[in-house]
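Below is one structure, written out as structure tokens; the observations come after it.
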Amino acid sequence: NPNRLPLPPGPKPLPLIGNLLDMPTSFLWLTFDKWTKQYGDIVSVNVFGKTFIILGSSRTTNDLLEKRSAIYSDRVRFPMLVELMGLDWNFAAMRYGDNWRRHRRTFHQQFNQGAIRKYQPIQTRESRLLLQRLLGAPQDFYSIIRLTFTATILDVMYGIRVKDQDDDYVKTAEDFMDSLIETGVPGAFLVDILPILKYVPAWFPGAGFQKKAEHWREVGKRFLNTGFNEVKDAMLKGKYVAPSVVSTQLENLPEGPEARDIEEVIKNTSALGYAAGADTTVSAMEQFFLAMILYPSVQKKAQEELDRVVGRLRLPDFEDRENLPYINALVKETMRWQPITPLAVVHSPIADDVYNGYFIPKGSFVFGNSWSILQDPVAYPDPQEFKPERFMKDGQLNPDVQDPDTAAFGFGRRICPGRYFSDSTLYIFICSVLSAFNITAPLDEKGEPIRLEMKMTSGLVSHPEVFRCSIIPRSAEAELLIKESAMEDQ
Ligand code: HEM
């Protein structure tokens, strides 16, 4: 800091521990939002000598994470996840550089806006299976949503068709997801704050995290290798393999010494698709169900649009999308209403920087507060309300309203590369469910509807707190359509 510029403003730090006592252990984004209102849309705090920079508006995330993305696209160290659990294959956590770039490029080739069209048949089939499963066991809608996304992504990535919850692939994927959920909570493991602890041996009192890391390392390895090895072995033996992201890329593998490295990248990127996409898309679907209970008029309006455009004699598909502006607005509102990844994933600058007269040290933890941006009452009046209408004008989508995708999926060069796939998955799942079912509040013992509230959990990925709901076919015709779609699938 040669010019002795100040750090961005923020709460006053104490010697040595800095602002440790100001930092809450949960819902970090709400405290960050409070500081943004108090100190401005760039705030700094200090924890044990580490500088945290909080960007609380689309102006600051745009200026730094987008326009200066050549500086702001690095990650900080993740000692538990990467160094102890061995998830160095996970490019979401990789440091900015050539290896990350190779992974990102490979992933992007398979999930850009054009490429994802080829997955529509799988997404459509899974959306029909979603309806069939909901018809059979509506009370299990939580596990059904999760199974449906798992089945979709495993088919896209490996051409694997899973049928139910007891499938080995589903179990491995879920064990792996559990490990990510537990480690993803900021501050859940002290070793992330004091990396030196990673050298403490597993037998040492209090070093339970080492045993967990060892177990999860095995789970991670199994998850990384199982699907990929199955496809590769079948191809080597000349057996039929269903077309998938992995098989297509292996077929086009160049000959020569670089083939091994490329294979590694294909394996890593295909495993990450599930890991990064599962919990996030599941949270979006849970929010959708809750929103439909809390806002019955939105549900009615969406169903009226579906009836008008698609009719009641068939289920909606991707061809209908451009004629369903209200459904598209509803998908956008689902991404905005209760931010799923409220602090995205932390970025870090690779060099010292100066912004509006403030000094930003190299290696700081930079948080784009998606929550502040998506709950901004100027961009989105009454932000706590679920109102797809906010994205509409004269019966069409209004391009002047800030698209929530600019904050809901993170920022700059690290912005979620699965966002187009996520958007199309949400579209087909949501409109299929709405065309077939009515979603209402569960009933109590007296048959009265139970009043539900919107409350979110804390964590890297935020979910609505557990709730029940009633999912009933809209009509005898709708039920028949679901059953017919089951027969088509066989
Ligand atoms: C509602 C659904 C989703 C949400 C809210 C979401 C959100 C995010 C966020 C906030 C990031 C970090 C961005 C940043 O660092 O600024 C991210 C990264 C990532 N996401 Fe997603 N995501 C979703 C679905 C998906 C899906 C379905 C996939 C895969 C098909 C996916 C793949 C990835 C990958 C690979 C990264 C790492 C990017 C990198 O570090 O370069 N995501 N996502």
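Residues are referred to by chain and number: the chain letter is A, B, ... according to the order shown in the structure tokens, the number counts from 1 in that chain, and ligands are numbered separately from 1 in the order shown.
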
Problem - 6 Å shell around ligand 1 using only C-alpha atoms and all ligand atoms, listed as a PyMOL selection string - result: chain A and resi 91-92+104+272-273+276-277+280-281+284+340-341+344-345+408-411+414-419+421-422

With the cut-off set at 10 Å and counting only C-alpha atoms, tabulate each residue of region 59-158 of chain A with an atom at most that distance from an atom of region 299-319 of chain A, showing the nearest atom pair and its distance in Å to one decimal, ordered by chain and increasing number, as JSON lines.
```
{"residue": "A:Arg117", "atom": "CA", "partner": "A:Phe318", "partner_atom": "CA", "distance": 9.4}
{"residue": "A:Gln120", "atom": "CA", "partner": "A:Phe318", "partner_atom": "CA", "distance": 7.4}
{"residue": "A:Pro121", "atom": "CA", "partner": "A:Phe318", "partner_atom": "CA", "distance": 9.3}
{"residue": "A:Gln123", "atom": "CA", "partner": "A:Phe318", "partner_atom": "CA", "distance": 9.6}
{"residue": "A:Thr124", "atom": "CA", "partner": "A:Asp317", "partner_atom": "CA", "distance": 6.9}
{"residue": "A:Ser127", "atom": "CA", "partner": "A:Asp317", "partner_atom": "CA", "distance": 9.5}
{"residue": "A:Arg128", "atom": "CA", "partner": "A:Leu315", "partner_atom": "CA", "distance": 8.6}
```

Taking C-alpha atoms for each residue, export the selection above as a JSON list (two decimals), in the first residue's frame.
```
[["chain", "number", "residue", "atom", "x", "y", "z"],
["A", 117, "ARG", "CA", -30.16, -28.16, -26.25],
["A", 120, "GLN", "CA", -33.60, -31.57, -23.66],
["A", 121, "PRO", "CA", -34.86, -35.12, -24.35],
["A", 123, "GLN", "CA", -34.73, -33.28, -19.16],
["A", 124, "THR", "CA", -38.19, -33.81, -20.69],
["A", 127, "SER", "CA", -39.80, -34.14, -15.92],
["A", 128, "ARG", "CA", -42.41, -36.81, -16.82]]
```

Exercise for the section: Could you give me, as a PyMOL selection string, each residue of region 177-265 of chain A that DSSP assigns to helix (DSSP H, G or I) when run on this structure's backbone? Expected result: chain A and resi 177-184+190-193+195-199+208-236+245-251+259-265

Exercise for the section: Write out as a PyMOL selection string which residues come within 12 Å of Asp394 (chain A) when counting only C-alpha atoms, dropping same-chain ones fewer than 4 positions away. Expected result: chain A and resi 325-326+389-390+398-399

Exercise for the section: Would you mind listing what lies within 10 Å of Val82 (chain A) as a PyMOL selection string, with only C-alpha atoms counted and same-chain residues fewer than 4 positions away left out? Expected result: chain A and resi 77-78+86-90+93-94+213+217

Quick one: write out the picked residues with C-alpha atoms as a PDB file, in the first residue's frame?
```pdb
ATOM      1  CA  ARG A  77      -7.353 -21.684   0.042  1.00  0.00           C
ATOM      2  CA  PHE A  78      -9.910 -24.306   1.076  1.00  0.00           C
ATOM      3  CA  GLY A  86      -8.403 -34.328  -1.742  1.00  0.00           C
ATOM      4  CA  LEU A  87     -10.905 -32.396  -3.844  1.00  0.00           C
ATOM      5  CA  ASP A  88      -8.186 -30.786  -5.931  1.00  0.00           C
ATOM      6  CA  TRP A  89     -10.092 -32.075  -8.975  1.00  0.00           C
ATOM      7  CA  ASN A  90     -12.934 -29.676  -8.180  1.00  0.00           C
ATOM      8  CA  ALA A  93     -12.232 -24.396  -5.776  1.00  0.00           C
ATOM      9  CA  MET A  94      -9.175 -24.229  -8.087  1.00  0.00           C
ATOM     10  CA  ALA A 213     -11.620 -35.816   5.967  1.00  0.00           C
ATOM     11  CA  ARG A 217     -11.693 -38.470   0.685  1.00  0.00           C
TER      12      ARG A 217
END
```

Exercise for the section: Have a look at CA of Glu385 (chain A) and CA of Trp337 (chain A) and let me know their distance in Å, one decimal. Expected result: 7.3 Å

Practice task
Within 8 Å of region 445-461 of chain A, counting only C-alpha atoms, which residues show up once you throw out same-chain ones fewer than 3 positions away? Write them as a list in words, please.
Solution key: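 Non-adjacent residues within range: Ser26, Phe27, Ile181, Gly184, Val185, Pro186, Asp279, Thr280, Ser283, Leu290, Leu294, Gln338, Ile340, Thr341, Pro342, Leu343, Ala344, Val345, Ala441, Pro442, Pro464, Glu465 and Phe467 of chain A.
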
Exercise for the section: Would you please work out which residue, of A:Gly56, A:Gly159, A:Gly256, A:Pro296, is nearest to Val366 (chain A) when using only C-alpha atoms? Expected result: A:Gly56
